[in-house]
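coords_30.cif, holding mmCIF, N, CA and C atoms:
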```cif
data_data
loop_
_atom_site.label_atom_id
_atom_site.label_comp_id
_atom_site.auth_asym_id
_atom_site.auth_seq_id
_atom_site.Cartn_x
_atom_site.Cartn_y
_atom_site.Cartn_z
N MET A 1 117.31 115.53 -17.00
CA MET A 1 118.21 116.04 -16.00
C MET A 1 118.01 117.55 -15.91
N SER A 2 118.16 118.10 -14.71
CA SER A 2 117.99 119.53 -14.52
C SER A 2 119.06 120.08 -13.58
N ILE A 3 119.25 121.39 -13.64
CA ILE A 3 120.22 122.08 -12.77
C ILE A 3 119.52 123.27 -12.14
N THR A 4 119.81 123.50 -10.88
CA THR A 4 119.42 124.75 -10.23
C THR A 4 120.69 125.37 -9.67
N LEU A 5 120.68 126.70 -9.53
CA LEU A 5 121.83 127.42 -9.01
C LEU A 5 121.45 128.15 -7.74
N ASN A 6 122.28 128.00 -6.71
CA ASN A 6 122.14 128.81 -5.51
C ASN A 6 123.02 130.03 -5.72
N LYS A 7 122.40 131.17 -5.92
CA LYS A 7 123.14 132.39 -6.19
C LYS A 7 122.83 133.45 -5.14
N ALA A 8 122.52 133.00 -3.93
CA ALA A 8 122.24 133.93 -2.83
C ALA A 8 123.40 134.88 -2.66
N GLY A 9 123.11 136.15 -2.57
CA GLY A 9 124.15 137.14 -2.37
C GLY A 9 124.92 137.49 -3.64
N LEU A 10 124.44 137.06 -4.79
CA LEU A 10 125.12 137.36 -6.05
C LEU A 10 124.64 138.72 -6.56
N ASP A 11 124.93 139.75 -5.78
CA ASP A 11 124.58 141.11 -6.13
C ASP A 11 125.66 141.69 -7.05
N PRO A 12 125.38 142.84 -7.68
CA PRO A 12 126.45 143.45 -8.47
C PRO A 12 127.70 143.64 -7.60
N LEU A 13 128.84 143.28 -8.16
CA LEU A 13 130.12 143.43 -7.47
C LEU A 13 130.69 144.78 -7.84
N GLU A 14 130.98 145.62 -6.84
CA GLU A 14 131.55 146.93 -7.10
C GLU A 14 133.04 146.91 -6.77
N LEU A 15 133.85 147.21 -7.77
CA LEU A 15 135.29 147.38 -7.58
C LEU A 15 135.54 148.88 -7.70
N ALA A 16 135.53 149.57 -6.56
CA ALA A 16 135.63 151.02 -6.54
C ALA A 16 136.71 151.45 -5.54
N GLY A 17 137.46 152.47 -5.92
CA GLY A 17 138.48 152.99 -5.03
C GLY A 17 139.17 154.18 -5.65
N PRO A 18 140.01 154.87 -4.86
CA PRO A 18 140.74 156.03 -5.38
C PRO A 18 141.79 155.59 -6.41
N ASP A 19 142.27 156.54 -7.17
CA ASP A 19 143.20 156.25 -8.26
C ASP A 19 144.41 155.45 -7.77
N GLY A 20 144.95 155.80 -6.63
CA GLY A 20 146.13 155.12 -6.10
C GLY A 20 145.89 153.67 -5.75
N ALA A 21 144.63 153.27 -5.60
CA ALA A 21 144.29 151.89 -5.24
C ALA A 21 144.12 151.00 -6.46
N HIS A 22 144.09 151.59 -7.64
CA HIS A 22 143.88 150.81 -8.86
C HIS A 22 145.19 150.26 -9.37
N PRO A 23 145.22 149.06 -9.92
CA PRO A 23 144.06 148.21 -10.20
C PRO A 23 143.48 147.59 -8.93
N LEU A 24 142.18 147.30 -8.98
CA LEU A 24 141.47 146.69 -7.85
C LEU A 24 141.08 145.26 -8.21
N ASP A 25 141.33 144.34 -7.28
CA ASP A 25 141.03 142.94 -7.50
C ASP A 25 139.88 142.49 -6.61
N SER A 26 139.06 141.59 -7.14
CA SER A 26 138.05 140.94 -6.29
C SER A 26 138.75 139.88 -5.47
N GLY A 27 138.09 139.45 -4.42
CA GLY A 27 138.63 138.40 -3.58
C GLY A 27 137.98 137.06 -3.88
N VAL A 28 138.67 136.00 -3.51
CA VAL A 28 138.10 134.67 -3.64
C VAL A 28 136.82 134.63 -2.81
N GLY A 29 135.74 134.13 -3.38
CA GLY A 29 134.47 134.01 -2.68
C GLY A 29 133.53 135.17 -2.89
N GLN A 30 133.99 136.28 -3.47
CA GLN A 30 133.07 137.39 -3.72
C GLN A 30 132.06 137.05 -4.80
N ILE A 31 132.42 136.19 -5.72
CA ILE A 31 131.49 135.64 -6.70
C ILE A 31 131.37 134.17 -6.34
N ASP A 32 130.17 133.75 -5.92
CA ASP A 32 129.99 132.41 -5.36
C ASP A 32 128.67 131.82 -5.85
N VAL A 33 128.75 130.76 -6.64
CA VAL A 33 127.57 130.10 -7.20
C VAL A 33 127.71 128.60 -6.98
N THR A 34 126.63 127.96 -6.57
CA THR A 34 126.64 126.51 -6.38
C THR A 34 125.54 125.88 -7.23
N ALA A 35 125.91 124.83 -7.97
CA ALA A 35 124.95 124.12 -8.82
C ALA A 35 124.48 122.86 -8.13
N SER A 36 123.20 122.54 -8.31
CA SER A 36 122.62 121.28 -7.85
C SER A 36 121.97 120.61 -9.05
N ALA A 37 122.33 119.36 -9.28
CA ALA A 37 121.76 118.62 -10.41
C ALA A 37 120.77 117.59 -9.89
N ALA A 38 119.79 117.27 -10.72
CA ALA A 38 118.79 116.25 -10.37
C ALA A 38 118.47 115.46 -11.64
N GLY A 39 118.11 114.20 -11.45
CA GLY A 39 117.78 113.35 -12.58
C GLY A 39 119.01 112.67 -13.13
N GLY A 40 118.86 112.09 -14.31
CA GLY A 40 119.98 111.37 -14.90
C GLY A 40 120.34 110.16 -14.06
N ASP A 41 121.58 109.72 -14.17
CA ASP A 41 121.99 108.52 -13.43
C ASP A 41 122.57 108.83 -12.06
N GLY A 42 122.66 110.11 -11.70
CA GLY A 42 123.12 110.48 -10.36
C GLY A 42 124.61 110.71 -10.22
N SER A 43 125.40 110.36 -11.23
CA SER A 43 126.84 110.66 -11.18
C SER A 43 127.09 111.86 -12.07
N TYR A 44 127.51 112.97 -11.47
CA TYR A 44 127.59 114.23 -12.19
C TYR A 44 129.01 114.76 -12.26
N THR A 45 129.33 115.37 -13.40
CA THR A 45 130.53 116.19 -13.51
C THR A 45 130.08 117.60 -13.86
N PHE A 46 130.85 118.57 -13.40
CA PHE A 46 130.50 119.98 -13.57
C PHE A 46 131.57 120.68 -14.38
N ALA A 47 131.15 121.60 -15.23
CA ALA A 47 132.09 122.43 -16.00
C ALA A 47 131.54 123.86 -16.02
N TRP A 48 132.36 124.81 -15.55
CA TRP A 48 131.98 126.22 -15.52
C TRP A 48 132.76 126.98 -16.59
N THR A 49 132.07 127.86 -17.32
CA THR A 49 132.73 128.71 -18.31
C THR A 49 132.26 130.15 -18.13
N LEU A 50 133.09 131.10 -18.59
CA LEU A 50 132.80 132.53 -18.47
C LEU A 50 132.77 133.18 -19.84
N THR A 51 131.87 134.16 -19.99
CA THR A 51 131.86 135.01 -21.16
C THR A 51 131.66 136.43 -20.66
N GLU A 52 132.49 137.33 -21.12
CA GLU A 52 132.44 138.73 -20.69
C GLU A 52 131.75 139.56 -21.76
N SER A 53 130.90 140.52 -21.34
CA SER A 53 130.27 141.41 -22.31
C SER A 53 130.15 142.81 -21.73
N GLY A 54 130.10 143.79 -22.60
CA GLY A 54 129.94 145.18 -22.18
C GLY A 54 131.23 145.84 -21.74
N ASP A 55 132.38 145.27 -22.10
CA ASP A 55 133.67 145.81 -21.66
C ASP A 55 134.39 146.47 -22.84
N SER A 56 133.75 147.47 -23.42
CA SER A 56 134.33 148.12 -24.59
C SER A 56 135.64 148.83 -24.27
N GLY A 57 135.84 149.24 -23.02
CA GLY A 57 137.07 149.91 -22.63
C GLY A 57 138.14 148.96 -22.13
N ASN A 58 137.84 147.66 -22.15
CA ASN A 58 138.79 146.64 -21.70
C ASN A 58 139.31 146.94 -20.29
N ILE A 59 138.39 147.24 -19.36
CA ILE A 59 138.79 147.61 -18.00
C ILE A 59 138.64 146.47 -17.00
N LEU A 60 138.11 145.33 -17.43
CA LEU A 60 137.96 144.19 -16.52
C LEU A 60 138.74 143.01 -17.09
N ALA A 61 139.51 142.38 -16.22
CA ALA A 61 140.27 141.21 -16.63
C ALA A 61 140.01 140.08 -15.65
N VAL A 62 139.95 138.86 -16.17
CA VAL A 62 139.86 137.69 -15.30
C VAL A 62 141.27 137.36 -14.84
N LEU A 63 141.50 137.47 -13.52
CA LEU A 63 142.82 137.12 -12.98
C LEU A 63 142.99 135.62 -12.92
N ALA A 64 141.97 134.94 -12.41
CA ALA A 64 142.00 133.48 -12.31
C ALA A 64 140.58 132.96 -12.46
N ALA A 65 140.40 132.03 -13.38
CA ALA A 65 139.08 131.42 -13.56
C ALA A 65 138.73 130.54 -12.37
N GLY A 66 139.73 130.08 -11.65
CA GLY A 66 139.48 129.27 -10.46
C GLY A 66 139.14 127.83 -10.80
N THR A 67 138.61 127.14 -9.82
CA THR A 67 138.24 125.74 -9.98
C THR A 67 136.97 125.67 -10.82
N THR A 68 137.04 125.03 -11.96
CA THR A 68 135.91 125.02 -12.89
C THR A 68 135.27 123.65 -13.04
N ASN A 69 135.61 122.71 -12.16
CA ASN A 69 135.06 121.35 -12.30
C ASN A 69 134.44 120.82 -11.02
N ALA A 70 133.89 121.71 -10.20
CA ALA A 70 133.23 121.32 -8.95
C ALA A 70 131.83 121.92 -8.93
N ALA A 71 130.98 121.43 -8.05
CA ALA A 71 129.61 121.96 -7.96
C ALA A 71 129.59 123.41 -7.50
N GLN A 72 130.52 123.80 -6.64
CA GLN A 72 130.59 125.19 -6.17
C GLN A 72 131.67 125.93 -6.94
N TYR A 73 131.29 127.09 -7.47
CA TYR A 73 132.22 127.93 -8.22
C TYR A 73 132.41 129.21 -7.44
N ASN A 74 133.50 129.29 -6.69
CA ASN A 74 133.71 130.46 -5.82
C ASN A 74 135.16 130.92 -5.79
N THR A 75 135.97 130.51 -6.75
CA THR A 75 137.38 130.89 -6.74
C THR A 75 137.75 131.81 -7.90
N LEU A 76 136.77 132.31 -8.63
CA LEU A 76 136.99 133.27 -9.69
C LEU A 76 137.45 134.60 -9.09
N THR A 77 138.49 135.21 -9.68
CA THR A 77 138.90 136.56 -9.28
C THR A 77 139.05 137.41 -10.54
N VAL A 78 138.67 138.69 -10.42
CA VAL A 78 138.74 139.63 -11.54
C VAL A 78 139.45 140.89 -11.09
N ARG A 79 139.91 141.69 -12.08
CA ARG A 79 140.63 142.94 -11.80
C ARG A 79 140.02 144.07 -12.61
N SER A 80 139.81 145.21 -11.93
CA SER A 80 139.37 146.44 -12.59
C SER A 80 140.58 147.33 -12.81
N THR A 81 140.71 147.85 -14.04
CA THR A 81 141.79 148.78 -14.36
C THR A 81 141.21 150.12 -14.80
N ALA A 82 140.09 150.53 -14.18
CA ALA A 82 139.42 151.78 -14.55
C ALA A 82 140.36 152.96 -14.34
N SER A 83 140.34 153.88 -15.29
CA SER A 83 141.19 155.07 -15.24
C SER A 83 140.52 156.19 -14.46
N ALA A 84 141.34 157.06 -13.87
CA ALA A 84 140.81 158.23 -13.16
C ALA A 84 140.02 159.09 -14.13
N GLY A 85 138.88 159.57 -13.69
CA GLY A 85 138.04 160.43 -14.51
C GLY A 85 137.12 159.70 -15.46
N ALA A 86 137.31 158.40 -15.61
CA ALA A 86 136.43 157.63 -16.49
C ALA A 86 135.09 157.40 -15.79
N PRO A 87 134.00 157.39 -16.55
CA PRO A 87 132.71 157.12 -15.91
C PRO A 87 132.65 155.67 -15.41
N PRO A 88 131.81 155.41 -14.42
CA PRO A 88 131.65 154.03 -13.96
C PRO A 88 131.25 153.13 -15.13
N ALA A 89 131.77 151.93 -15.14
CA ALA A 89 131.46 150.99 -16.21
C ALA A 89 130.95 149.70 -15.62
N GLU A 90 129.87 149.16 -16.20
CA GLU A 90 129.35 147.87 -15.77
C GLU A 90 129.67 146.83 -16.83
N VAL A 91 130.35 145.78 -16.38
CA VAL A 91 130.70 144.67 -17.24
C VAL A 91 129.92 143.45 -16.75
N ASP A 92 129.36 142.71 -17.67
CA ASP A 92 128.62 141.51 -17.30
C ASP A 92 129.45 140.26 -17.55
N LEU A 93 129.50 139.39 -16.55
CA LEU A 93 130.12 138.08 -16.70
C LEU A 93 129.00 137.05 -16.78
N ALA A 94 128.88 136.38 -17.91
CA ALA A 94 127.93 135.27 -18.04
C ALA A 94 128.64 134.04 -17.51
N ILE A 95 128.08 133.44 -16.46
CA ILE A 95 128.66 132.27 -15.83
C ILE A 95 127.78 131.08 -16.17
N LYS A 96 128.34 130.15 -16.95
CA LYS A 96 127.57 128.99 -17.41
C LYS A 96 128.07 127.73 -16.74
N CYS A 97 127.12 126.92 -16.27
CA CYS A 97 127.43 125.61 -15.70
C CYS A 97 126.84 124.54 -16.61
N THR A 98 127.69 123.61 -17.00
CA THR A 98 127.25 122.44 -17.77
C THR A 98 127.46 121.22 -16.89
N VAL A 99 126.39 120.44 -16.71
CA VAL A 99 126.46 119.21 -15.91
C VAL A 99 126.28 118.04 -16.86
N THR A 100 127.14 117.04 -16.70
CA THR A 100 127.06 115.82 -17.49
C THR A 100 126.96 114.64 -16.54
N ASP A 101 126.06 113.71 -16.84
CA ASP A 101 125.95 112.51 -15.99
C ASP A 101 126.69 111.34 -16.63
N GLY A 102 126.66 110.20 -15.97
CA GLY A 102 127.37 109.02 -16.43
C GLY A 102 126.87 108.47 -17.75
N ASN A 103 125.67 108.87 -18.18
CA ASN A 103 125.12 108.45 -19.47
C ASN A 103 125.46 109.45 -20.58
N SER A 104 126.26 110.47 -20.24
CA SER A 104 126.63 111.56 -21.16
C SER A 104 125.47 112.48 -21.49
N ASP A 105 124.41 112.45 -20.68
CA ASP A 105 123.34 113.44 -20.82
C ASP A 105 123.82 114.74 -20.19
N THR A 106 123.45 115.87 -20.78
CA THR A 106 123.90 117.15 -20.26
C THR A 106 122.74 118.10 -20.03
N ALA A 107 122.99 119.06 -19.15
CA ALA A 107 122.08 120.17 -18.91
C ALA A 107 122.95 121.40 -18.65
N GLU A 108 122.45 122.57 -19.06
CA GLU A 108 123.21 123.81 -18.89
C GLU A 108 122.32 124.89 -18.30
N ILE A 109 122.95 125.79 -17.57
CA ILE A 109 122.26 126.97 -17.04
C ILE A 109 123.27 128.11 -16.98
N THR A 110 122.82 129.33 -17.27
CA THR A 110 123.69 130.49 -17.28
C THR A 110 123.06 131.60 -16.44
N ILE A 111 123.90 132.28 -15.66
CA ILE A 111 123.47 133.47 -14.93
C ILE A 111 124.44 134.60 -15.26
N THR A 112 124.02 135.82 -14.98
CA THR A 112 124.86 136.98 -15.24
C THR A 112 125.28 137.62 -13.93
N GLN A 113 126.60 137.86 -13.80
CA GLN A 113 127.16 138.55 -12.64
C GLN A 113 127.64 139.92 -13.11
N PRO A 114 126.93 141.00 -12.72
CA PRO A 114 127.41 142.34 -13.08
C PRO A 114 128.58 142.75 -12.19
N VAL A 115 129.57 143.37 -12.82
CA VAL A 115 130.73 143.92 -12.10
C VAL A 115 130.82 145.40 -12.47
N VAL A 116 130.79 146.29 -11.46
CA VAL A 116 130.85 147.72 -11.69
C VAL A 116 132.25 148.18 -11.33
N CYS A 117 132.92 148.81 -12.31
CA CYS A 117 134.30 149.29 -12.14
C CYS A 117 134.28 150.81 -12.01
N ILE A 118 134.80 151.32 -10.89
CA ILE A 118 134.75 152.75 -10.63
C ILE A 118 136.11 153.21 -10.09
N ASN A 119 136.68 154.22 -10.74
CA ASN A 119 137.88 154.88 -10.22
C ASN A 119 137.43 156.22 -9.66
N LEU A 120 137.58 156.39 -8.35
CA LEU A 120 137.08 157.59 -7.68
C LEU A 120 138.02 158.79 -7.82
N GLY A 121 139.12 158.61 -8.56
CA GLY A 121 140.04 159.71 -8.82
C GLY A 121 141.02 159.97 -7.71
#
```
Please, can you express the file's structure as structure tokens?
Amino acid sequence: MSITLNKAGLDPLELAGPDGAHPLDSGVGQIDVTASAAGGDGSYTFAWTLTESGDSGNILAVLAAGTTNAAQYNTLTVRSTASAGAPPAEVDLAIKCTVTDGNSDTAEITITQPVVCINLG
């Protein structure tokens, strides 16, 4: 069994704005990944998980993990709490999709979504 991901438009997400606009939230659909499975018995279940890295200042929070059991993962929302005067910070979200078929065979794939948090003061 194999998985491919359609990650068209999955560019670094910039959450940038003046101090008065912070905290800044991403919108539903700004992070959008779709998995396609092949092989196995053809009956698939999907499970999406997130791992955050590079957030030593704790400036990025997951507001809602969204729907994590469908082929398309596009309801994740995050929040930047960058402080005025702080340098821009890039946080990486590892987005992993695990697909299981009716025979309990599994396949996994992970991509990284960079999120840049900037407070323009």
Q) Just how far from atom N of A:Ala84 is atom N of A:Ile31, in Å to one decimal? A)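 Interatomic distance, atom N of A:Ile31 to atom N of A:Ala84: 24.1 Å.
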(Q) Expand the PyMOL selection byres ((chain A and resi 43) around 7) into the explicit residue set it covers here, and present it as number ranges by chain. (A) A: 40-42, 44-45, 100-103
Q.
Translate the PyMOL selection byres (((chain A and resi 2 and name CA) around 9) and name CA) into a concrete residue list for this structure, as a PyMOL selection string.
A. chain A and resi 1+3-4+36-40+99+106-109
Can I get the selection written as a PDB file, in the coordinates of the input, with N, CA and C atoms?
```pdb
ATOM      1  N   MET A   1     117.310 115.530 -17.000  1.00  0.00           N
ATOM      2  CA  MET A   1     118.210 116.040 -16.000  1.00  0.00           C
ATOM      3  C   MET A   1     118.010 117.550 -15.910  1.00  0.00           C
ATOM      4  N   ILE A   3     119.250 121.390 -13.640  1.00  0.00           N
ATOM      5  CA  ILE A   3     120.220 122.080 -12.770  1.00  0.00           C
ATOM      6  C   ILE A   3     119.520 123.270 -12.140  1.00  0.00           C
ATOM      7  N   THR A   4     119.810 123.500 -10.880  1.00  0.00           N
ATOM      8  CA  THR A   4     119.420 124.750 -10.230  1.00  0.00           C
ATOM      9  C   THR A   4     120.690 125.370  -9.670  1.00  0.00           C
ATOM     10  N   SER A  36     123.200 122.540  -8.310  1.00  0.00           N
ATOM     11  CA  SER A  36     122.620 121.280  -7.850  1.00  0.00           C
ATOM     12  C   SER A  36     121.970 120.610  -9.050  1.00  0.00           C
ATOM     13  N   ALA A  37     122.330 119.360  -9.280  1.00  0.00           N
ATOM     14  CA  ALA A  37     121.760 118.620 -10.410  1.00  0.00           C
ATOM     15  C   ALA A  37     120.770 117.590  -9.890  1.00  0.00           C
ATOM     16  N   ALA A  38     119.790 117.270 -10.720  1.00  0.00           N
ATOM     17  CA  ALA A  38     118.790 116.250 -10.370  1.00  0.00           C
ATOM     18  C   ALA A  38     118.470 115.460 -11.640  1.00  0.00           C
ATOM     19  N   GLY A  39     118.110 114.200 -11.450  1.00  0.00           N
ATOM     20  CA  GLY A  39     117.780 113.350 -12.580  1.00  0.00           C
ATOM     21  C   GLY A  39     119.010 112.670 -13.130  1.00  0.00           C
ATOM     22  N   GLY A  40     118.860 112.090 -14.310  1.00  0.00           N
ATOM     23  CA  GLY A  40     119.980 111.370 -14.900  1.00  0.00           C
ATOM     24  C   GLY A  40     120.340 110.160 -14.060  1.00  0.00           C
ATOM     25  N   VAL A  99     126.390 120.440 -16.710  1.00  0.00           N
ATOM     26  CA  VAL A  99     126.460 119.210 -15.910  1.00  0.00           C
ATOM     27  C   VAL A  99     126.280 118.040 -16.860  1.00  0.00           C
ATOM     28  N   THR A 106     123.450 115.870 -20.780  1.00  0.00           N
ATOM     29  CA  THR A 106     123.900 117.150 -20.260  1.00  0.00           C
ATOM     30  C   THR A 106     122.740 118.100 -20.030  1.00  0.00           C
ATOM     31  N   ALA A 107     122.990 119.060 -19.150  1.00  0.00           N
ATOM     32  CA  ALA A 107     122.080 120.170 -18.910  1.00  0.00           C
ATOM     33  C   ALA A 107     122.950 121.400 -18.650  1.00  0.00           C
ATOM     34  N   GLU A 108     122.450 122.570 -19.060  1.00  0.00           N
ATOM     35  CA  GLU A 108     123.210 123.810 -18.890  1.00  0.00           C
ATOM     36  C   GLU A 108     122.320 124.890 -18.300  1.00  0.00           C
ATOM     37  N   ILE A 109     122.950 125.790 -17.570  1.00  0.00           N
ATOM     38  CA  ILE A 109     122.260 126.970 -17.040  1.00  0.00           C
ATOM     39  C   ILE A 109     123.270 128.110 -16.980  1.00  0.00           C
TER      40      ILE A 109
END
```
Q. From the list A:Ala70, A:Leu50, A:Val33, A:Leu120, which residue is nearest A:Leu10 when using all atoms listed in the file?
A. A:Val33
Using the chain letters and residue numbers of this document, give as a PDB file with N, CA and C atoms, in the coordinates of the input the residues selected by the PyMOL selection byres ((chain A and resi 18) around 6.5).
```
ATOM      1  N   ALA A  16     135.530 149.570  -6.560  1.00  0.00           N
ATOM      2  CA  ALA A  16     135.630 151.020  -6.540  1.00  0.00           C
ATOM      3  C   ALA A  16     136.710 151.450  -5.540  1.00  0.00           C
ATOM      4  N   GLY A  17     137.460 152.470  -5.920  1.00  0.00           N
ATOM      5  CA  GLY A  17     138.480 152.990  -5.030  1.00  0.00           C
ATOM      6  C   GLY A  17     139.170 154.180  -5.650  1.00  0.00           C
ATOM      7  N   ASP A  19     142.270 156.540  -7.170  1.00  0.00           N
ATOM      8  CA  ASP A  19     143.200 156.250  -8.260  1.00  0.00           C
ATOM      9  C   ASP A  19     144.410 155.450  -7.770  1.00  0.00           C
ATOM     10  N   GLY A  20     144.950 155.800  -6.630  1.00  0.00           N
ATOM     11  CA  GLY A  20     146.130 155.120  -6.100  1.00  0.00           C
ATOM     12  C   GLY A  20     145.890 153.670  -5.750  1.00  0.00           C
ATOM     13  N   ALA A  21     144.630 153.270  -5.600  1.00  0.00           N
ATOM     14  CA  ALA A  21     144.290 151.890  -5.240  1.00  0.00           C
ATOM     15  C   ALA A  21     144.120 151.000  -6.460  1.00  0.00           C
ATOM     16  N   HIS A  22     144.090 151.590  -7.640  1.00  0.00           N
ATOM     17  CA  HIS A  22     143.880 150.810  -8.860  1.00  0.00           C
ATOM     18  C   HIS A  22     145.190 150.260  -9.370  1.00  0.00           C
ATOM     19  N   ASN A 119     136.680 154.220 -10.740  1.00  0.00           N
ATOM     20  CA  ASN A 119     137.880 154.880 -10.220  1.00  0.00           C
ATOM     21  C   ASN A 119     137.430 156.220  -9.660  1.00  0.00           C
ATOM     22  N   LEU A 120     137.580 156.390  -8.350  1.00  0.00           N
ATOM     23  CA  LEU A 120     137.080 157.590  -7.680  1.00  0.00           C
ATOM     24  C   LEU A 120     138.020 158.790  -7.820  1.00  0.00           C
ATOM     25  N   GLY A 121     139.120 158.610  -8.560  1.00  0.00           N
ATOM     26  CA  GLY A 121     140.040 159.710  -8.820  1.00  0.00           C
ATOM     27  C   GLY A 121     141.020 159.970  -7.710  1.00  0.00           C
TER      28      GLY A 121
END
```
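Using only C-alpha atoms, the nearest neighbour of A:Ala47 within the list A:Gln113, A:Asn69, A:Ser80, A:Asn74 is A:Asn69.
Closest to A:Ser104 among A:Ala65, A:Phe46, A:Ala86, A:Pro12 is A:Phe46, based on only C-alpha atoms.
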Q | DSSP strand (DSSP E or B) selection over stretch 39-115 of chain A, as JSON, numbers by chain | A | {"A": [44, 45, 46, 47, 48, 49, 50, 51, 52, 53, 60, 61, 62, 63, 64, 72, 73, 77, 78, 79, 80, 89, 90, 91, 92, 93, 94, 95, 96, 97, 98, 99, 100, 101, 106, 107, 108, 109, 110, 111, 112, 113, 114, 115]}
Expected answer as a short mmCIF file (atom, residue, chain, number, x, y, z; two decimals) with N, CA and C atoms, keeping the file's coordinate frame: all residues with atoms within 8 Å of (128.5, 136.3, -19.4), all atoms listed in the file:
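Result saved to out_2.cif:
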```
data_model
loop_
_atom_site.label_atom_id
_atom_site.label_comp_id
_atom_site.auth_asym_id
_atom_site.auth_seq_id
_atom_site.Cartn_x
_atom_site.Cartn_y
_atom_site.Cartn_z
N THR A 49 132.07 127.86 -17.32
CA THR A 49 132.73 128.71 -18.31
C THR A 49 132.26 130.15 -18.13
N LEU A 50 133.09 131.10 -18.59
CA LEU A 50 132.80 132.53 -18.47
C LEU A 50 132.77 133.18 -19.84
N THR A 51 131.87 134.16 -19.99
CA THR A 51 131.86 135.01 -21.16
C THR A 51 131.66 136.43 -20.66
N GLU A 52 132.49 137.33 -21.12
CA GLU A 52 132.44 138.73 -20.69
C GLU A 52 131.75 139.56 -21.76
N SER A 53 130.90 140.52 -21.34
CA SER A 53 130.27 141.41 -22.31
C SER A 53 130.15 142.81 -21.73
N VAL A 91 130.35 145.78 -16.38
CA VAL A 91 130.70 144.67 -17.24
C VAL A 91 129.92 143.45 -16.75
N ASP A 92 129.36 142.71 -17.67
CA ASP A 92 128.62 141.51 -17.30
C ASP A 92 129.45 140.26 -17.55
N LEU A 93 129.50 139.39 -16.55
CA LEU A 93 130.12 138.08 -16.70
C LEU A 93 129.00 137.05 -16.78
N ALA A 94 128.88 136.38 -17.91
CA ALA A 94 127.93 135.27 -18.04
C ALA A 94 128.64 134.04 -17.51
N ILE A 95 128.08 133.44 -16.46
CA ILE A 95 128.66 132.27 -15.83
C ILE A 95 127.78 131.08 -16.17
N LYS A 96 128.34 130.15 -16.95
CA LYS A 96 127.57 128.99 -17.41
C LYS A 96 128.07 127.73 -16.74
N THR A 110 122.82 129.33 -17.27
CA THR A 110 123.69 130.49 -17.28
C THR A 110 123.06 131.60 -16.44
N ILE A 111 123.90 132.28 -15.66
CA ILE A 111 123.47 133.47 -14.93
C ILE A 111 124.44 134.60 -15.26
N THR A 112 124.02 135.82 -14.98
CA THR A 112 124.86 136.98 -15.24
C THR A 112 125.28 137.62 -13.93
N GLN A 113 126.60 137.86 -13.80
CA GLN A 113 127.16 138.55 -12.64
C GLN A 113 127.64 139.92 -13.11
#
```
Q. Atom C of A:Asn6 to atom CA of A:Ala71: how many Å, to one decimal?
A.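 Computed distance, atom C of A:Asn6 to atom CA of A:Ala71, equals 10.7 Å.
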Box along x, y and z, 8 Å on every side, all listed atoms of stretch 86-98 of chain A inside: centre and edge lengths in Å to one decimal, as AutoDock Vina command-line options.
```
--center_x 132.1 --center_y 139.8 --center_z -16.0 --size_x 26.5 --size_y 53.2 --size_z 20.1
```
Q) Which one is closest to A:Thr34: A:Thr98, A:Lys7, A:Leu76, A:Ser56? Count only C-alpha atoms. A)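 Smallest separation from A:Thr34 among the options: A:Lys7.
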Q.
Between atom CA of A:Asp55 and atom C of A:Ala35, what is the distance in Å, rounded to a tenth?
A. 28.2 Å
Do you know which residues are at most 6.5 Å from A:Ala82 counting all atoms listed in the file, after dropping those on the same chain fewer than 5 positions away, and could you put them as a PDB file with N, CA and C atoms, keeping the file's coordinate frame?
```pdb
ATOM      1  N   PRO A  23     145.220 149.060  -9.920  1.00  0.00           N
ATOM      2  CA  PRO A  23     144.060 148.210 -10.200  1.00  0.00           C
ATOM      3  C   PRO A  23     143.480 147.590  -8.930  1.00  0.00           C
ATOM      4  N   LEU A  24     142.180 147.300  -8.980  1.00  0.00           N
ATOM      5  CA  LEU A  24     141.470 146.690  -7.850  1.00  0.00           C
ATOM      6  C   LEU A  24     141.080 145.260  -8.210  1.00  0.00           C
ATOM      7  N   ILE A  59     138.390 147.240 -19.360  1.00  0.00           N
ATOM      8  CA  ILE A  59     138.790 147.610 -18.000  1.00  0.00           C
ATOM      9  C   ILE A  59     138.640 146.470 -17.000  1.00  0.00           C
ATOM     10  N   LEU A  60     138.110 145.330 -17.430  1.00  0.00           N
ATOM     11  CA  LEU A  60     137.960 144.190 -16.520  1.00  0.00           C
ATOM     12  C   LEU A  60     138.740 143.010 -17.090  1.00  0.00           C
ATOM     13  N   CYS A 117     132.920 148.810 -12.310  1.00  0.00           N
ATOM     14  CA  CYS A 117     134.300 149.290 -12.140  1.00  0.00           C
ATOM     15  C   CYS A 117     134.280 150.810 -12.010  1.00  0.00           C
ATOM     16  N   ILE A 118     134.800 151.320 -10.890  1.00  0.00           N
ATOM     17  CA  ILE A 118     134.750 152.750 -10.630  1.00  0.00           C
ATOM     18  C   ILE A 118     136.110 153.210 -10.090  1.00  0.00           C
ATOM     19  N   ASN A 119     136.680 154.220 -10.740  1.00  0.00           N
ATOM     20  CA  ASN A 119     137.880 154.880 -10.220  1.00  0.00           C
ATOM     21  C   ASN A 119     137.430 156.220  -9.660  1.00  0.00           C
TER      22      ASN A 119
END
```
Q: Using only C-alpha atoms, pick whichever of A:Gly85, A:Leu5, A:Thr67, A:Tyr73 has the shortest atom-to-atom distance to A:Gln30.
A: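 Result for the nearest residue to A:Gln30: A:Tyr73.
Between A:Gly54 and the residues A:Val78, A:Val28, A:Cys97, A:Ala89, the shortest atom-to-atom distance, using all atoms listed in the file, involves A:Ala89.
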